[in-house]
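Visitor: Sharing work.cif here; it has mmCIF, C-alpha atoms (C1' of nucleotides).
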```
data_run
loop_
_atom_site.group_PDB
_atom_site.id
_atom_site.type_symbol
_atom_site.label_atom_id
_atom_site.label_comp_id
_atom_site.auth_asym_id
_atom_site.auth_seq_id
_atom_site.Cartn_x
_atom_site.Cartn_y
_atom_site.Cartn_z
ATOM 1 C CA MET A 195 -23.419 0.338 6.895
ATOM 2 C CA GLY A 196 -20.824 2.813 5.639
ATOM 3 C CA PRO A 197 -17.166 2.658 6.571
ATOM 4 C CA ALA A 198 -17.817 5.045 9.439
ATOM 5 C CA ALA A 199 -20.077 2.415 10.969
ATOM 6 C CA LEU A 200 -17.439 -0.299 10.594
ATOM 7 C CA ASN A 201 -14.992 2.034 12.239
ATOM 8 C CA ALA A 202 -17.422 2.892 15.016
ATOM 9 C CA ILE A 203 -18.038 -0.702 16.101
ATOM 10 C CA ALA A 204 -14.321 -1.489 16.007
ATOM 11 C CA SER A 205 -13.733 0.379 19.271
ATOM 12 C CA PRO A 206 -14.357 -1.572 22.489
ATOM 13 C CA ARG A 207 -15.303 1.657 24.206
ATOM 14 C CA ARG A 208 -17.913 2.510 21.616
ATOM 15 C CA ARG A 209 -19.272 -1.041 21.727
ATOM 16 C CA GLU A 210 -19.600 -0.639 25.478
ATOM 17 C CA ILE A 211 -21.670 2.493 24.962
ATOM 18 C CA LEU A 212 -23.686 0.874 22.202
ATOM 19 C CA ARG A 213 -24.529 -1.958 24.544
ATOM 20 C CA LEU A 214 -25.762 0.460 27.213
ATOM 21 C CA VAL A 215 -28.183 2.139 24.818
ATOM 22 C CA TRP A 216 -29.123 -1.063 22.996
ATOM 23 C CA ASN A 217 -32.424 -1.908 24.647
ATOM 24 C CA GLN A 218 -33.448 1.440 26.084
ATOM 25 C CA GLU A 219 -32.405 5.026 25.801
ATOM 26 C CA GLN A 220 -30.026 6.439 28.371
ATOM 27 C CA THR A 221 -28.978 9.957 29.226
ATOM 28 C CA ALA A 222 -25.384 10.990 28.593
ATOM 29 C CA GLY A 223 -24.968 11.257 32.341
ATOM 30 C CA ALA A 224 -26.215 7.725 32.982
ATOM 31 C CA ILE A 225 -23.880 6.383 30.315
ATOM 32 C CA HIS A 226 -20.999 8.183 31.929
ATOM 33 C CA ARG A 227 -21.883 6.882 35.391
ATOM 34 C CA ALA A 228 -21.832 3.354 33.957
ATOM 35 C CA MET A 229 -18.224 3.803 32.883
ATOM 36 C CA PRO A 230 -16.438 5.600 35.706
ATOM 37 C CA ASP A 231 -13.004 5.002 34.262
ATOM 38 C CA VAL A 232 -13.306 7.865 31.767
ATOM 39 C CA THR A 233 -14.371 11.483 31.968
ATOM 40 C CA PHE A 234 -17.757 12.776 30.932
ATOM 41 C CA GLY A 235 -16.056 14.618 28.089
ATOM 42 C CA ALA A 236 -14.562 11.436 26.658
ATOM 43 C CA VAL A 237 -17.977 9.755 26.726
ATOM 44 C CA SER A 238 -19.544 12.721 24.991
ATOM 45 C CA LEU A 239 -16.967 12.592 22.200
ATOM 46 C CA GLN A 240 -17.535 8.890 21.630
ATOM 47 C CA LEU A 241 -21.282 9.510 21.569
ATOM 48 C CA ARG A 242 -20.693 12.079 18.875
ATOM 49 C CA THR A 243 -18.710 9.566 16.809
ATOM 50 C CA LEU A 244 -21.513 7.030 17.172
ATOM 51 C CA VAL A 245 -24.162 9.546 16.148
ATOM 52 C CA GLU A 246 -22.114 10.683 13.151
ATOM 53 C CA ALA A 247 -21.735 7.049 12.099
ATOM 54 C CA GLY A 248 -25.515 6.737 12.283
ATOM 55 C CA LEU A 249 -25.437 3.999 14.906
ATOM 56 C CA VAL A 250 -27.002 6.028 17.698
ATOM 57 C CA GLU A 251 -29.565 8.800 17.820
ATOM 58 C CA ALA A 252 -30.224 11.492 20.364
ATOM 59 C CA ARG A 253 -33.256 13.232 21.763
ATOM 60 C CA THR A 254 -33.192 16.316 23.944
ATOM 61 C CA ALA A 255 -35.570 16.727 26.872
ATOM 62 C CA GLN A 256 -35.180 19.613 29.288
ATOM 63 C CA ARG A 257 -31.636 19.498 30.558
ATOM 64 C CA ASN A 258 -31.077 15.898 29.505
ATOM 65 C CA ARG A 259 -30.001 14.303 26.311
ATOM 66 C CA PHE A 260 -31.225 10.764 25.703
ATOM 67 C CA TYR A 261 -29.295 8.434 23.453
ATOM 68 C CA ARG A 262 -30.400 5.138 21.938
ATOM 69 C CA ALA A 263 -29.015 2.637 19.445
ATOM 70 C CA ARG A 264 -30.261 2.671 15.872
ATOM 71 C CA ARG A 265 -30.203 -1.105 15.617
ATOM 72 C CA GLU A 266 -31.676 -1.079 12.132
ATOM 73 C CA ALA A 267 -28.611 0.821 10.891
ATOM 74 C CA LEU A 268 -26.404 -2.120 11.821
ATOM 75 C CA GLY A 269 -28.354 -4.673 9.830
ATOM 76 C CA PRO A 270 -26.885 -8.154 10.254
ATOM 77 C CA VAL A 271 -24.133 -6.814 12.464
ATOM 78 C CA ALA A 272 -26.691 -6.223 15.205
ATOM 79 C CA GLU A 273 -26.952 -9.968 15.697
ATOM 80 C CA ILE A 274 -23.186 -10.345 15.781
ATOM 81 C CA LEU A 275 -22.935 -7.806 18.567
ATOM 82 C CA GLU A 276 -25.774 -9.407 20.516
ATOM 83 C CA ARG A 277 -24.123 -12.789 20.224
ATOM 84 C CA MET A 278 -20.861 -11.272 21.450
ATOM 85 C CA TRP A 279 -22.576 -9.772 24.477
ATOM 86 C CA ASP A 280 -24.538 -12.913 25.340
ATOM 87 C CA ASP A 281 -21.722 -15.379 24.944
ATOM 88 C CA ALA A 282 -20.395 -16.478 28.322
ATOM 89 C CA LEU A 283 -16.871 -16.967 27.056
ATOM 90 C CA TRP A 284 -17.013 -13.461 25.818
ATOM 91 C CA LYS A 285 -18.014 -12.162 29.186
ATOM 92 C CA LEU A 286 -14.932 -13.712 30.721
ATOM 93 C CA LYS A 287 -12.688 -12.300 28.024
ATOM 94 C CA LEU A 288 -14.113 -8.833 28.504
ATOM 95 C CA ALA A 289 -13.740 -9.053 32.257
ATOM 96 C CA ALA A 290 -10.064 -9.889 31.824
ATOM 97 C CA GLU A 291 -9.590 -7.037 29.363
ATOM 98 C CA LEU A 292 -11.264 -4.564 31.677
ATOM 99 C CA GLU A 293 -9.225 -5.749 34.622
ATOM 100 C CA GLU A 294 -6.148 -4.782 32.655
ATOM 101 C CA THR A 295 -7.116 -1.395 31.327
ATOM 102 C CA ARG A 296 -9.652 -0.013 33.754
ATOM 103 C CA ARG A 297 -7.964 1.604 36.703
ATOM 104 C CA GLY A 298 -9.765 4.931 36.585
ATOM 105 C CA PRO A 299 -8.514 8.212 35.086
ATOM 106 C CA LYS A 300 -5.128 9.108 36.382
ATOM 107 C CA PRO A 301 -5.489 11.855 38.984
ATOM 108 C CA ARG A 302 -3.874 15.074 37.884
ATOM 109 C CA ARG A 303 -3.149 18.172 39.887
ATOM 110 C CA ARG A 304 -5.910 20.686 39.356
ATOM 111 C CA LYS A 305 -4.598 23.910 37.936
ATOM 112 C CA LYS A 306 -5.230 26.831 40.262
ATOM 113 C CA LYS A 307 -7.575 29.386 38.735
ATOM 114 C CA PRO A 308 -5.699 32.714 38.488
ATOM 115 C CA GLY A 309 -7.468 35.366 40.552
ATOM 116 C CA LEU A 310 -8.170 38.589 38.605
ATOM 117 C CA MET B 124 -16.575 -12.835 14.372
ATOM 118 C CA GLY B 125 -14.490 -11.873 17.385
ATOM 119 C CA PRO B 126 -13.536 -8.308 18.251
ATOM 120 C CA ALA B 127 -10.269 -8.772 16.376
ATOM 121 C CA ALA B 128 -12.285 -9.301 13.210
ATOM 122 C CA LEU B 129 -14.339 -6.161 13.834
ATOM 123 C CA ASN B 130 -11.114 -4.285 14.346
ATOM 124 C CA ALA B 131 -9.547 -5.787 11.235
ATOM 125 C CA ILE B 132 -12.304 -4.693 8.873
ATOM 126 C CA ALA B 133 -12.365 -1.198 10.351
ATOM 127 C CA SER B 134 -9.158 -0.248 8.556
ATOM 128 C CA PRO B 135 -9.516 0.983 4.947
ATOM 129 C CA ARG B 136 -6.094 -0.396 4.185
ATOM 130 C CA ARG B 137 -6.979 -3.853 5.421
ATOM 131 C CA ARG B 138 -10.277 -3.748 3.537
ATOM 132 C CA GLU B 139 -8.305 -2.910 0.401
ATOM 133 C CA ILE B 140 -6.163 -6.007 0.949
ATOM 134 C CA LEU B 141 -9.183 -8.126 1.785
ATOM 135 C CA ARG B 142 -10.756 -7.064 -1.477
ATOM 136 C CA LEU B 143 -7.669 -8.101 -3.444
ATOM 137 C CA VAL B 144 -7.715 -11.615 -2.009
ATOM 138 C CA TRP B 145 -11.505 -11.910 -1.987
ATOM 139 C CA ASN B 146 -12.094 -13.932 -5.134
ATOM 140 C CA GLN B 147 -8.711 -15.543 -5.683
ATOM 141 C CA GLU B 148 -5.507 -15.977 -3.788
ATOM 142 C CA GLN B 149 -2.694 -13.522 -4.356
ATOM 143 C CA THR B 150 0.957 -13.556 -3.418
ATOM 144 C CA ALA B 151 2.214 -11.003 -0.925
ATOM 145 C CA GLY B 152 4.200 -9.463 -3.768
ATOM 146 C CA ALA B 153 1.178 -9.094 -6.024
ATOM 147 C CA ILE B 154 -0.766 -7.494 -3.189
ATOM 148 C CA HIS B 155 2.036 -5.061 -2.622
ATOM 149 C CA ARG B 156 2.323 -4.206 -6.335
ATOM 150 C CA ALA B 157 -1.401 -3.397 -6.294
ATOM 151 C CA MET B 158 -0.840 -0.779 -3.588
ATOM 152 C CA PRO B 159 2.315 1.106 -4.527
ATOM 153 C CA ASP B 160 1.748 3.826 -1.962
ATOM 154 C CA VAL B 161 3.097 1.707 0.899
ATOM 155 C CA THR B 162 6.151 -0.444 1.442
ATOM 156 C CA PHE B 163 6.192 -4.207 1.208
ATOM 157 C CA GLY B 164 6.843 -4.334 4.946
ATOM 158 C CA ALA B 165 3.696 -2.398 5.739
ATOM 159 C CA VAL B 166 1.626 -4.748 3.577
ATOM 160 C CA SER B 167 3.157 -7.756 5.285
ATOM 161 C CA LEU B 168 2.263 -6.393 8.717
ATOM 162 C CA GLN B 169 -1.344 -5.781 7.703
ATOM 163 C CA LEU B 170 -1.502 -9.284 6.265
ATOM 164 C CA ARG B 171 -0.359 -10.594 9.630
ATOM 165 C CA THR B 172 -3.134 -8.669 11.372
ATOM 166 C CA LEU B 173 -5.687 -10.097 8.966
ATOM 167 C CA VAL B 174 -4.431 -13.653 9.456
ATOM 168 C CA GLU B 175 -4.418 -13.265 13.238
ATOM 169 C CA ALA B 176 -7.998 -12.005 13.072
ATOM 170 C CA GLY B 177 -8.866 -15.138 11.100
ATOM 171 C CA LEU B 178 -10.066 -13.216 8.054
ATOM 172 C CA VAL B 179 -7.316 -14.353 5.690
ATOM 173 C CA GLU B 180 -5.289 -17.523 5.350
ATOM 174 C CA ALA B 181 -1.911 -18.183 3.818
ATOM 175 C CA ARG B 182 -0.313 -21.002 1.855
ATOM 176 C CA THR B 183 3.388 -21.277 1.114
ATOM 177 C CA ALA B 184 4.633 -22.494 -2.264
ATOM 178 C CA GLN B 185 8.304 -22.332 -3.131
ATOM 179 C CA ARG B 186 9.411 -18.766 -2.622
ATOM 180 C CA ASN B 187 5.883 -17.383 -2.659
ATOM 181 C CA ARG B 188 3.249 -16.976 -0.055
ATOM 182 C CA PHE B 189 -0.336 -16.996 -1.282
ATOM 183 C CA TYR B 190 -3.037 -15.250 0.695
ATOM 184 C CA ARG B 191 -6.797 -15.570 0.357
ATOM 185 C CA ALA B 192 -9.853 -14.325 2.228
ATOM 186 C CA ARG B 193 -11.665 -16.630 4.626
ATOM 187 C CA ARG B 194 -15.067 -15.329 3.609
ATOM 188 C CA GLU B 195 -16.880 -17.784 5.838
ATOM 189 C CA ALA B 196 -15.215 -16.208 8.891
ATOM 190 C CA LEU B 197 -16.979 -12.918 8.146
ATOM 191 C CA GLY B 198 -20.458 -14.380 8.068
ATOM 192 C CA PRO B 199 -23.066 -11.731 7.229
ATOM 193 C CA VAL B 200 -20.379 -9.055 7.071
ATOM 194 C CA ALA B 201 -19.093 -10.585 3.844
ATOM 195 C CA GLU B 202 -22.192 -9.328 2.080
ATOM 196 C CA ILE B 203 -21.808 -5.881 3.579
ATOM 197 C CA LEU B 204 -18.284 -5.623 2.234
ATOM 198 C CA GLU B 205 -19.308 -6.885 -1.195
ATOM 199 C CA ARG B 206 -22.110 -4.359 -1.345
ATOM 200 C CA MET B 207 -19.649 -1.619 -0.376
ATOM 201 C CA TRP B 208 -17.277 -2.626 -3.167
ATOM 202 C CA ASP B 209 -19.994 -2.967 -5.797
ATOM 203 C CA ASP B 210 -21.810 0.248 -5.043
ATOM 204 C CA ALA B 211 -20.979 2.886 -7.617
ATOM 205 C CA LEU B 212 -21.346 5.734 -5.162
ATOM 206 C CA TRP B 213 -18.874 3.978 -3.004
ATOM 207 C CA LYS B 214 -16.384 3.738 -5.778
ATOM 208 C CA LEU B 215 -16.478 7.495 -6.207
ATOM 209 C CA LYS B 216 -16.068 8.087 -2.513
ATOM 210 C CA LEU B 217 -13.096 5.770 -2.344
ATOM 211 C CA ALA B 218 -11.494 7.396 -5.373
ATOM 212 C CA ALA B 219 -11.753 10.774 -3.670
ATOM 213 C CA GLU B 220 -10.310 9.394 -0.452
ATOM 214 C CA LEU B 221 -7.396 7.797 -2.253
ATOM 215 C CA GLU B 222 -6.715 10.953 -4.224
ATOM 216 C CA GLU B 223 -6.216 12.679 -0.910
ATOM 217 C CA THR B 224 -4.040 10.209 0.908
ATOM 218 C CA ARG B 225 -2.207 8.290 -1.806
ATOM 219 C CA ARG B 226 0.832 10.161 -2.936
ATOM 220 C CA GLY B 227 3.361 7.368 -2.488
ATOM 221 C CA PRO B 228 5.761 6.843 0.402
ATOM 222 C CA LYS B 229 7.711 9.918 1.199
ATOM 223 C CA PRO B 230 11.252 9.564 -0.155
ATOM 224 C CA ARG B 231 13.833 9.483 2.607
ATOM 225 C CA ARG B 232 17.581 9.739 2.400
ATOM 226 C CA ARG B 233 19.073 6.260 2.461
ATOM 227 C CA LYS B 234 21.425 5.796 5.367
ATOM 228 C CA LYS B 235 24.945 5.050 4.251
ATOM 229 C CA LYS B 236 26.095 1.581 5.344
ATOM 230 C CA PRO B 237 29.125 2.020 7.631
ATOM 231 C CA GLY B 238 32.155 0.225 6.169
ATOM 232 C CA LEU B 239 33.851 -2.083 8.674
ATOM 233 C "C1'" DG C 248 -29.696 37.805 36.359
ATOM 234 C "C1'" DA C 249 -27.124 34.695 39.747
ATOM 235 C "C1'" DT C 250 -26.798 29.649 40.782
ATOM 236 C "C1'" DG C 251 -26.930 24.898 39.664
ATOM 237 C "C1'" DT C 252 -27.186 20.883 36.666
ATOM 238 C "C1'" DA C 253 -26.430 18.423 32.210
ATOM 239 C "C1'" DA C 254 -23.855 18.081 28.515
ATOM 240 C "C1'" DT C 255 -20.663 19.641 24.828
ATOM 241 C "C1'" DT C 256 -16.610 21.708 23.078
ATOM 242 C "C1'" DT C 257 -11.815 23.133 23.039
ATOM 243 C "C1'" DA C 258 -6.936 22.761 23.390
ATOM 244 C "C1'" DG C 259 -3.442 20.143 24.607
ATOM 245 C "C1'" DT C 260 -1.408 15.353 26.068
ATOM 246 C "C1'" DT C 261 -0.962 10.437 25.969
ATOM 247 C "C1'" DT C 262 -1.427 6.113 23.795
ATOM 248 C "C1'" DA C 263 -1.735 3.093 20.073
ATOM 249 C "C1'" DA C 264 -1.780 2.158 15.110
ATOM 250 C "C1'" DA C 265 0.418 2.518 10.767
ATOM 251 C "C1'" DC C 266 4.205 3.210 8.552
ATOM 252 C "C1'" DT C 267 9.430 3.368 7.004
ATOM 253 C "C1'" DA C 268 14.223 1.674 6.228
ATOM 254 C "C1'" DA C 269 17.071 -1.729 7.047
ATOM 255 C "C1'" DA C 270 18.119 -6.304 8.661
ATOM 256 C "C1'" DT C 271 16.870 -10.980 8.509
ATOM 257 C "C1'" DT C 272 14.920 -15.533 7.085
ATOM 258 C "C1'" DA C 273 13.966 -18.832 3.675
ATOM 259 C "C1'" DT C 274 14.283 -20.837 -0.781
ATOM 260 C "C1'" DA C 275 15.887 -21.405 -5.301
ATOM 261 C "C1'" DT C 276 19.698 -21.188 -8.936
ATOM 262 C "C1'" DG C 277 24.152 -20.802 -10.950
ATOM 263 C "C1'" DC D 344 28.571 -21.247 -1.289
ATOM 264 C "C1'" DA D 345 27.620 -16.696 -3.629
ATOM 265 C "C1'" DT D 346 23.742 -14.350 -5.614
ATOM 266 C "C1'" DA D 347 19.040 -13.365 -6.336
ATOM 267 C "C1'" DT D 348 14.164 -13.324 -5.147
ATOM 268 C "C1'" DA D 349 10.133 -13.328 -1.930
ATOM 269 C "C1'" DA D 350 8.660 -12.214 2.176
ATOM 270 C "C1'" DT D 351 8.935 -11.224 7.203
ATOM 271 C "C1'" DT D 352 10.678 -9.017 11.195
ATOM 272 C "C1'" DT D 353 12.780 -5.357 13.882
ATOM 273 C "C1'" DA D 354 13.497 -0.848 15.663
ATOM 274 C "C1'" DG D 355 12.383 3.544 15.385
ATOM 275 C "C1'" DT D 356 9.232 7.512 13.488
ATOM 276 C "C1'" DT D 357 4.961 9.576 12.152
ATOM 277 C "C1'" DT D 358 0.102 9.969 12.299
ATOM 278 C "C1'" DA D 359 -4.254 9.511 14.227
ATOM 279 C "C1'" DA D 360 -7.328 8.154 17.993
ATOM 280 C "C1'" DA D 361 -8.585 8.498 22.702
ATOM 281 C "C1'" DC D 362 -8.281 10.826 26.454
ATOM 282 C "C1'" DT D 363 -7.912 14.857 30.146
ATOM 283 C "C1'" DA D 364 -8.894 19.387 32.380
ATOM 284 C "C1'" DA D 365 -10.979 23.335 31.825
ATOM 285 C "C1'" DA D 366 -14.046 26.404 29.406
ATOM 286 C "C1'" DT D 367 -18.398 26.925 27.391
ATOM 287 C "C1'" DT D 368 -23.324 26.309 26.115
ATOM 288 C "C1'" DA D 369 -28.064 25.400 27.314
ATOM 289 C "C1'" DC D 370 -31.724 25.254 30.215
ATOM 290 C "C1'" DA D 371 -33.969 25.241 34.434
ATOM 291 C "C1'" DT D 372 -34.882 27.420 39.329
ATOM 292 C "C1'" DC D 373 -34.510 30.817 42.675
#
```
Can you turn what I pasted into structure tokens?
Guide:
Amino acid sequence: MGPAALNAIASPRRREILRLVWNQEQTAGAIHRAMPDVTFGAVSLQLRTLVEAGLVEARTAQRNRFYRARREALGPVAEILERMWDDALWKLKLAAELEETRRGPKPRRRKKKPGL
Amino acid sequence: MGPAALNAIASPRRREILRLVWNQEQTAGAIHRAMPDVTFGAVSLQLRTLVEAGLVEARTAQRNRFYRARREALGPVAEILERMWDDALWKLKLAAELEETRRGPKPRRRKKKPGL
DNA sequence: GATGTAATTTAGTTTAAACTAAATTATATG
DNA sequence: CATATAATTTAGTTTAAACTAAATTACATC
């Protein structure tokens, strides 16, 4: 548990990802599909932060990249997170939070590719 | 350990404060004097964050306000922090970090008070 | 080697945290 | 009540994190 790990679990988004890969590995694509309010790129960057903090590890297979939590790296904090996720009150709080912030990525006009 | 607590301990600055009030209470002034690279106002705001996260509590006496860590609120994380602070390697790392970032608040021209 | 799929990386933007200076609140003391 | 001390709060700025769109890499399949 270095400071990078403390920083990593401070972000709700990264905790969301951590939760998805907690009990079984998931591909980057599956993780992204589970959180449709952000782009694939954003998910990939957060995965990188988690890997660099040592909280998640990756395995490459063909065209996929499988991620899974390194629960042992969290030590006693693993239990804290599990309690947070299990707690019913918590679930309500999270639902309210998500309701507020999750309205999907704002649609932007796609830049026209300049023909050569 | 709510998410506010996880967020609170993610900040190096707040961990620095937490460390100062870990074993005995300190006045806001003493805390500020121990970190001369930021203003008193900045310290006060971080103290507020820590109190709101439930990690620190305050007691008022005369003109002073004494702060101390609520170690019990951190549960198993208390040990993690203590280990971080005790570890010699850690001390070196922190010293290097501080060397980089701590050069005191940038001096700014004081705005002249308009005479009425 | 063109096409398609999975994911990462880059460069730039937006959002939120941390900070500053100054104003303000509260309490004590002459 | 004026002055001084201790701390907080406010309003605005700076810095850093999170995000986006588009480009790029990597590996299959035709």
Visitor: For chain A, which residue out of D:DA347, D:DA366, D:DA371, D:DT352 is the nearest one, using only C-alpha atoms (C1' of nucleotides)?
Guide: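 Closest residue, counting only C-alpha atoms (C1' of nucleotides): D:DA371.
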Visitor: How far is it from atom CA of Tyr190 of chain B to atom CA of Val144 of chain B, in Å with one decimal?
Guide: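 We find that atom CA of Tyr190 of chain B and atom CA of Val144 of chain B lie 6.5 Å from each other.
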Visitor: Calculate how many Å separate atom C1' of DT261 of chain C from atom CA of Gln220 of chain A, rounding to one decimal.
Guide: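 Here the two named atoms are 29.4 Å from each other.
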Visitor: Please expand the PyMOL selection byres ((chain D) within 12 of (chain A)) into the concrete residues it hits in this file, giving the result as a PyMOL selection string.
Guide: chain D and resi 360-366+368-371
Visitor: Convert the current residue selection to file output with C-alpha atoms (C1' of nucleotides), as a JSON list (two decimals), in the frame of the given file.
Guide:
```
[["chain", "number", "residue", "atom", "x", "y", "z"],
["D", 360, "DA", "C1'", -7.33, 8.15, 17.99],
["D", 361, "DA", "C1'", -8.59, 8.50, 22.70],
["D", 362, "DC", "C1'", -8.28, 10.83, 26.45],
["D", 363, "DT", "C1'", -7.91, 14.86, 30.15],
["D", 364, "DA", "C1'", -8.89, 19.39, 32.38],
["D", 365, "DA", "C1'", -10.98, 23.34, 31.82],
["D", 366, "DA", "C1'", -14.05, 26.40, 29.41],
["D", 368, "DT", "C1'", -23.32, 26.31, 26.12],
["D", 369, "DA", "C1'", -28.06, 25.40, 27.31],
["D", 370, "DC", "C1'", -31.72, 25.25, 30.22],
["D", 371, "DA", "C1'", -33.97, 25.24, 34.43]]
```
Visitor: Would you mind listing, as a PyMOL selection string, all residues of chain A that have at least one atom within 12 Å of chain B, where all atoms listed in the file are what counts?
Guide: chain A and resi 195-207+209+268-279+281+283-284+287-288+291
Visitor: For atom CA of Leu212 of chain A and atom CA of Glu139 of chain B, determine how far apart the two atoms are, in Å to one decimal place.
Guide: 26.9 Å
Visitor: Just checking: using all atoms listed in the file, which residue out of B:Ala151, B:Arg137, B:Leu143, B:Asp209 ends up closest to chain C?
Guide: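 Closest to chain C of all the choices is B:Arg137.
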Visitor: Please evaluate the PyMOL selection byres ((chain C) within 10 of (chain A)) against the structure above and give the resulting residues as JSON, numbers by chain.
Guide: {"C": [252, 253, 254, 255, 256]}
Visitor: Leaving out DT353 of chain D and any residue of its chain fewer than 6 positions from it, which residues lie within 9 Å of it when counting all atoms listed in the file, given as a count of residues only?
Guide: 3
Visitor: For the provided coordinates, the residues matched by the PyMOL selection byres ((chain D and resi 356) around 10) should be stated as a PyMOL selection string.
Guide: (chain C and resi 266-267) or (chain D and resi 354-355+357-358)
Visitor: Segment 364-369 of chain D, all listed atoms, 8 Å padding on each side: what axis-aligned box centre and edge lengths in Å to one decimal come out, as JSON?
Guide:
```
{"center_x": -18.5, "center_y": 23.2, "center_z": 29.2, "size_x": 35.2, "size_y": 23.5, "size_z": 22.3}
```
Visitor: Would you list the contacts of Leu178 of chain B as a list of chain:residue names, taking every protein, DNA or RNA residue within 8 Å and counting all atoms listed in the file, but skipping same-chain residues closer than 3 positions in sequence?
Guide: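 Result of the neighbour search: B:Ala128, B:Leu173, B:Val174, B:Glu175, B:Ala192, B:Arg193, B:Arg194, B:Ala196, B:Leu197.
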Visitor: Between B:Leu170, B:Glu195, B:Gly177, B:Arg182, which one has atoms that come closest to DT351 of chain D, using only C-alpha atoms (C1' of nucleotides)?
Guide: B:Leu170
